Amino acid sequence: MVRKTRSQPASKSSPAETSTEATATATATKSLPPSTSNPPKLFVLPKNTSKDARIVTLDNPATGTPSRYYFCPERGFHEFTRIAAPKKSCRSWLIHASGNEETKQEDGDGMRVGSGYITKDADLFIATPIDVLFLILPALAPQSAKDTKQLFLELDDYLDMLSSTSQHWKALLSQYLTLKGMMEKKVRLVCDTVDAGEQTMYRLSTPKLLDVLTAKATRMVAHGLPPSLEEKHIKTALEVPVMSIRREESTLSAISTTTPDEPSTPTVPDSETTVESSTTTVTTTSTDLPSQIPPLLRLQTSLTYLSTAYLPPTLRQTLTTHLTTSPHFLPLTTHLAHIATLKRDAAALRNISDNMSRKRAITEDEDKIAEREEKKRKKEEEEKRKKSEGRAVKQLKKVDTSGMKKMSAFFTRVGKKT
């Protein structure tokens, strides 16, 4: 007889469990999007800029390579300074685009979540003002060092040179008429001018350019140089080596050691030997400096920075020549030459001291080697002598002779009888 059985009814899952399973399934199906070759970057832009402000691509005046600049018709040009974490430190940016309403989505709880990005490198680009004069200098400067003579040209000719190097220059000059007036004011500061009818022609003047750069460098010094520049280019450059010789005295004694049972042998008499050794120590100090030297060095460092970062190579050599030959920097040049001479002398003396120390160490090593060889030789001779002794001699050495007289006692001189 077959008994009929009924299957158990399927258990109903709770709404919470159903929601959890659905969420887990949805999470499992989602995957992270692939990394992009052009990730977003984080910029810090100035406040209160015009709505027509934009990022443009212009040639870097120092290197000639295309670089990004921030242009505002009301506030002028800004350059981007990159601030990055050390390479050994692993840093990243989590950028949340909360302001874009189109990217927001509603989840099950009705909350709005915006899209975001994670950048691989924690780089920060800060827009800082740059004088438009530096951006004009590539057109005003000679094209090569061989161009010793320059011609007077109109302002439009220089602007055409800039427009030929970058399409953005052409677009800016055509859209913003106030930009041309701004550039003309800067050109007049660094150029000699001549009037040809109703037109004014310009030619770059090196003395005027140096005056403008000196004024900028003076303002840099007045505000204070960054600690890194102050430590590396000011404090280190003005350190004067001070050489001192320290003498050390050591006493060596040699004392004869003989026992009563052994025959006396010639030894080194008791003596004391004093040896003097000198060690050269080189230290550095920055005291006793003329009061005018540090300000001059700070000014020279600021001018060098400006020429390296903003001047074309053809003008950079001119500024370097001015810094080395100008009477204004003559006390600084003389003092730095004196410090360089002291450093060379200190390096030469340090080399001599190191050579003497190495030679003394080599001599001591040779003495130790000779002493070890002498001990080894005596040990070998002692072993050889023991092997050559006969059996009778070895047995006689084992006899107890503590109560016996020595043979020499029988041959002593007898005293005279009275």
# chains A, B, ... in the order shown; residues from 1 in each chain; ligands from 1
call {"tool": "residues_around", "arguments": {"residues": "stretch 212-223 of chain A", "least_positions_apart": "2", "cutoff": "9 Å", "atoms": "only C-alpha atoms", "output": "list of chain:residue names"}}
result
A:Leu189, A:Val190, A:Pro207, A:Lys208, A:Leu209, A:Leu210, A:Leu225, A:Pro295, A:Arg298, A:Leu299, A:Gln300, A:Thr301, A:Ser302, A:Leu303, A:Tyr305, A:Leu306, A:Ser307
call {"tool": "write_last_selection", "arguments": {"atoms": "N, CA, C and O atoms", "output": "PDB file, in the first residue's frame"}}
result
ATOM      1  N   LEU A 189      57.718 100.400 -20.785  1.00  0.00           N
ATOM      2  CA  LEU A 189      58.594 100.369 -19.613  1.00  0.00           C
ATOM      3  C   LEU A 189      59.980  99.818 -19.931  1.00  0.00           C
ATOM      4  O   LEU A 189      60.960 100.187 -19.273  1.00  0.00           O
ATOM      5  N   VAL A 190      60.076  98.941 -20.936  1.00  0.00           N
ATOM      6  CA  VAL A 190      61.342  98.245 -21.176  1.00  0.00           C
ATOM      7  C   VAL A 190      61.919  98.539 -22.555  1.00  0.00           C
ATOM      8  O   VAL A 190      62.917  97.908 -22.947  1.00  0.00           O
ATOM      9  N   PRO A 207      69.144  98.137 -20.274  1.00  0.00           N
ATOM     10  CA  PRO A 207      69.152  98.837 -18.972  1.00  0.00           C
ATOM     11  C   PRO A 207      67.754  99.021 -18.383  1.00  0.00           C
ATOM     12  O   PRO A 207      67.554  98.864 -17.170  1.00  0.00           O
ATOM     13  N   LYS A 208      66.764  99.337 -19.211  1.00  0.00           N
ATOM     14  CA  LYS A 208      65.404  99.507 -18.693  1.00  0.00           C
ATOM     15  C   LYS A 208      64.832  98.179 -18.196  1.00  0.00           C
ATOM     16  O   LYS A 208      64.144  98.134 -17.167  1.00  0.00           O
ATOM     17  N   LEU A 209      65.123  97.112 -18.916  1.00  0.00           N
ATOM     18  CA  LEU A 209      64.648  95.799 -18.465  1.00  0.00           C
ATOM     19  C   LEU A 209      65.284  95.424 -17.140  1.00  0.00           C
ATOM     20  O   LEU A 209      64.612  94.881 -16.243  1.00  0.00           O
ATOM     21  N   LEU A 210      66.573  95.725 -16.978  1.00  0.00           N
ATOM     22  CA  LEU A 210      67.248  95.418 -15.717  1.00  0.00           C
ATOM     23  C   LEU A 210      66.670  96.242 -14.573  1.00  0.00           C
ATOM     24  O   LEU A 210      66.563  95.752 -13.442  1.00  0.00           O
ATOM     25  N   LEU A 225      62.383  86.033   1.475  1.00  0.00           N
ATOM     26  CA  LEU A 225      62.512  84.867   0.609  1.00  0.00           C
ATOM     27  C   LEU A 225      61.951  83.626   1.295  1.00  0.00           C
ATOM     28  O   LEU A 225      61.904  83.562   2.528  1.00  0.00           O
ATOM     29  N   PRO A 295      71.979  91.356   2.249  1.00  0.00           N
ATOM     30  CA  PRO A 295      70.964  91.940   1.353  1.00  0.00           C
ATOM     31  C   PRO A 295      71.347  91.865  -0.121  1.00  0.00           C
ATOM     32  O   PRO A 295      70.494  91.608  -0.977  1.00  0.00           O
ATOM     33  N   ARG A 298      70.746  88.299  -1.286  1.00  0.00           N
ATOM     34  CA  ARG A 298      69.310  88.043  -1.475  1.00  0.00           C
ATOM     35  C   ARG A 298      68.801  88.690  -2.767  1.00  0.00           C
ATOM     36  O   ARG A 298      68.003  88.094  -3.493  1.00  0.00           O
ATOM     37  N   LEU A 299      69.272  89.901  -3.040  1.00  0.00           N
ATOM     38  CA  LEU A 299      68.864  90.569  -4.275  1.00  0.00           C
ATOM     39  C   LEU A 299      69.384  89.815  -5.494  1.00  0.00           C
ATOM     40  O   LEU A 299      68.654  89.642  -6.482  1.00  0.00           O
ATOM     41  N   GLN A 300      70.619  89.361  -5.432  1.00  0.00           N
ATOM     42  CA  GLN A 300      71.177  88.604  -6.554  1.00  0.00           C
ATOM     43  C   GLN A 300      70.444  87.277  -6.743  1.00  0.00           C
ATOM     44  O   GLN A 300      70.174  86.856  -7.878  1.00  0.00           O
ATOM     45  N   THR A 301      70.091  86.623  -5.654  1.00  0.00           N
ATOM     46  CA  THR A 301      69.352  85.359  -5.749  1.00  0.00           C
ATOM     47  C   THR A 301      67.982  85.580  -6.377  1.00  0.00           C
ATOM     48  O   THR A 301      67.522  84.782  -7.201  1.00  0.00           O
ATOM     49  N   SER A 302      67.306  86.672  -6.009  1.00  0.00           N
ATOM     50  CA  SER A 302      65.991  86.972  -6.583  1.00  0.00           C
ATOM     51  C   SER A 302      66.100  87.261  -8.075  1.00  0.00           C
ATOM     52  O   SER A 302      65.277  86.795  -8.879  1.00  0.00           O
ATOM     53  N   LEU A 303      67.126  88.016  -8.478  1.00  0.00           N
ATOM     54  CA  LEU A 303      67.314  88.298  -9.903  1.00  0.00           C
ATOM     55  C   LEU A 303      67.626  87.024 -10.680  1.00  0.00           C
ATOM     56  O   LEU A 303      67.137  86.845 -11.809  1.00  0.00           O
ATOM     57  N   TYR A 305      66.612  84.038  -9.913  1.00  0.00           N
ATOM     58  CA  TYR A 305      65.366  83.274 -10.021  1.00  0.00           C
ATOM     59  C   TYR A 305      64.467  83.837 -11.118  1.00  0.00           C
ATOM     60  O   TYR A 305      63.892  83.082 -11.923  1.00  0.00           O
ATOM     61  N   LEU A 306      64.331  85.164 -11.177  1.00  0.00           N
ATOM     62  CA  LEU A 306      63.492  85.771 -12.198  1.00  0.00           C
ATOM     63  C   LEU A 306      64.020  85.486 -13.598  1.00  0.00           C
ATOM     64  O   LEU A 306      63.249  85.181 -14.521  1.00  0.00           O
ATOM     65  N   SER A 307      65.326  85.560 -13.762  1.00  0.00           N
ATOM     66  CA  SER A 307      65.894  85.311 -15.084  1.00  0.00           C
ATOM     67  C   SER A 307      65.749  83.861 -15.498  1.00  0.00           C
ATOM     68  O   SER A 307      65.501  83.557 -16.670  1.00  0.00           O
TER      69      SER A 307
END
call {"tool": "residues_around", "arguments": {"residues": "A:Asn60", "least_positions_apart": "4", "cutoff": "8 Å", "atoms": "only C-alpha atoms", "output": "PyMOL selection string"}}
result
chain A and resi 64-67+135+310
call {"tool": "write_last_selection", "arguments": {"atoms": "N, CA, C and O atoms", "output": "PDB file, in the first residue's frame"}}
result
ATOM      1  N   GLY A  64      59.897  78.156 -23.976  1.00  0.00           N
ATOM      2  CA  GLY A  64      59.294  78.124 -25.299  1.00  0.00           C
ATOM      3  C   GLY A  64      58.318  76.989 -25.519  1.00  0.00           C
ATOM      4  O   GLY A  64      57.812  76.819 -26.633  1.00  0.00           O
ATOM      5  N   THR A  65      58.018  76.205 -24.495  1.00  0.00           N
ATOM      6  CA  THR A  65      57.076  75.096 -24.619  1.00  0.00           C
ATOM      7  C   THR A  65      55.663  75.576 -24.308  1.00  0.00           C
ATOM      8  O   THR A  65      55.474  76.469 -23.465  1.00  0.00           O
ATOM      9  N   PRO A  66      54.634  75.018 -24.933  1.00  0.00           N
ATOM     10  CA  PRO A  66      53.252  75.424 -24.637  1.00  0.00           C
ATOM     11  C   PRO A  66      52.893  75.125 -23.185  1.00  0.00           C
ATOM     12  O   PRO A  66      53.155  74.042 -22.669  1.00  0.00           O
ATOM     13  N   SER A  67      52.291  76.102 -22.527  1.00  0.00           N
ATOM     14  CA  SER A  67      51.911  75.975 -21.124  1.00  0.00           C
ATOM     15  C   SER A  67      50.518  76.576 -20.933  1.00  0.00           C
ATOM     16  O   SER A  67      50.058  77.390 -21.732  1.00  0.00           O
ATOM     17  N   LEU A 135      55.345  87.511 -20.721  1.00  0.00           N
ATOM     18  CA  LEU A 135      54.772  86.801 -21.868  1.00  0.00           C
ATOM     19  C   LEU A 135      55.065  87.518 -23.185  1.00  0.00           C
ATOM     20  O   LEU A 135      55.025  86.900 -24.256  1.00  0.00           O
ATOM     21  N   TYR A 310      61.609  83.246 -16.027  1.00  0.00           N
ATOM     22  CA  TYR A 310      60.740  84.053 -16.889  1.00  0.00           C
ATOM     23  C   TYR A 310      61.438  84.680 -18.092  1.00  0.00           C
ATOM     24  O   TYR A 310      60.746  85.214 -18.960  1.00  0.00           O
TER      25      TYR A 310
END
call {"tool": "residues_around", "arguments": {"residues": "A:Trp93", "least_positions_apart": "2", "cutoff": "8 Å", "atoms": "only C-alpha atoms", "output": "count of residues only"}}
result
8
call {"tool": "atom_distance", "arguments": {"atom1": "atom CA of A:Asp157", "atom2": "atom CA of A:Glu184"}}
result
12.2 Å
call {"tool": "atom_distance", "arguments": {"atom1": "atom CA of A:Leu311", "atom2": "atom CA of A:Ala62"}}
result
5.0 Å
call {"tool": "residues_around", "arguments": {"residues": "A:Met182", "least_positions_apart": "2", "cutoff": "12 Å", "atoms": "only C-alpha atoms", "output": "list in words"}}
result
Pro73, Glu74, Arg75, Gly76, Phe77, Asp131, Val132, Leu133, Ile136, Leu155, Leu173, Tyr176, Leu177, Thr178, Leu179, Lys180, Glu184, Lys185, Lys186, Val187, Arg188 and Leu189 of chain A
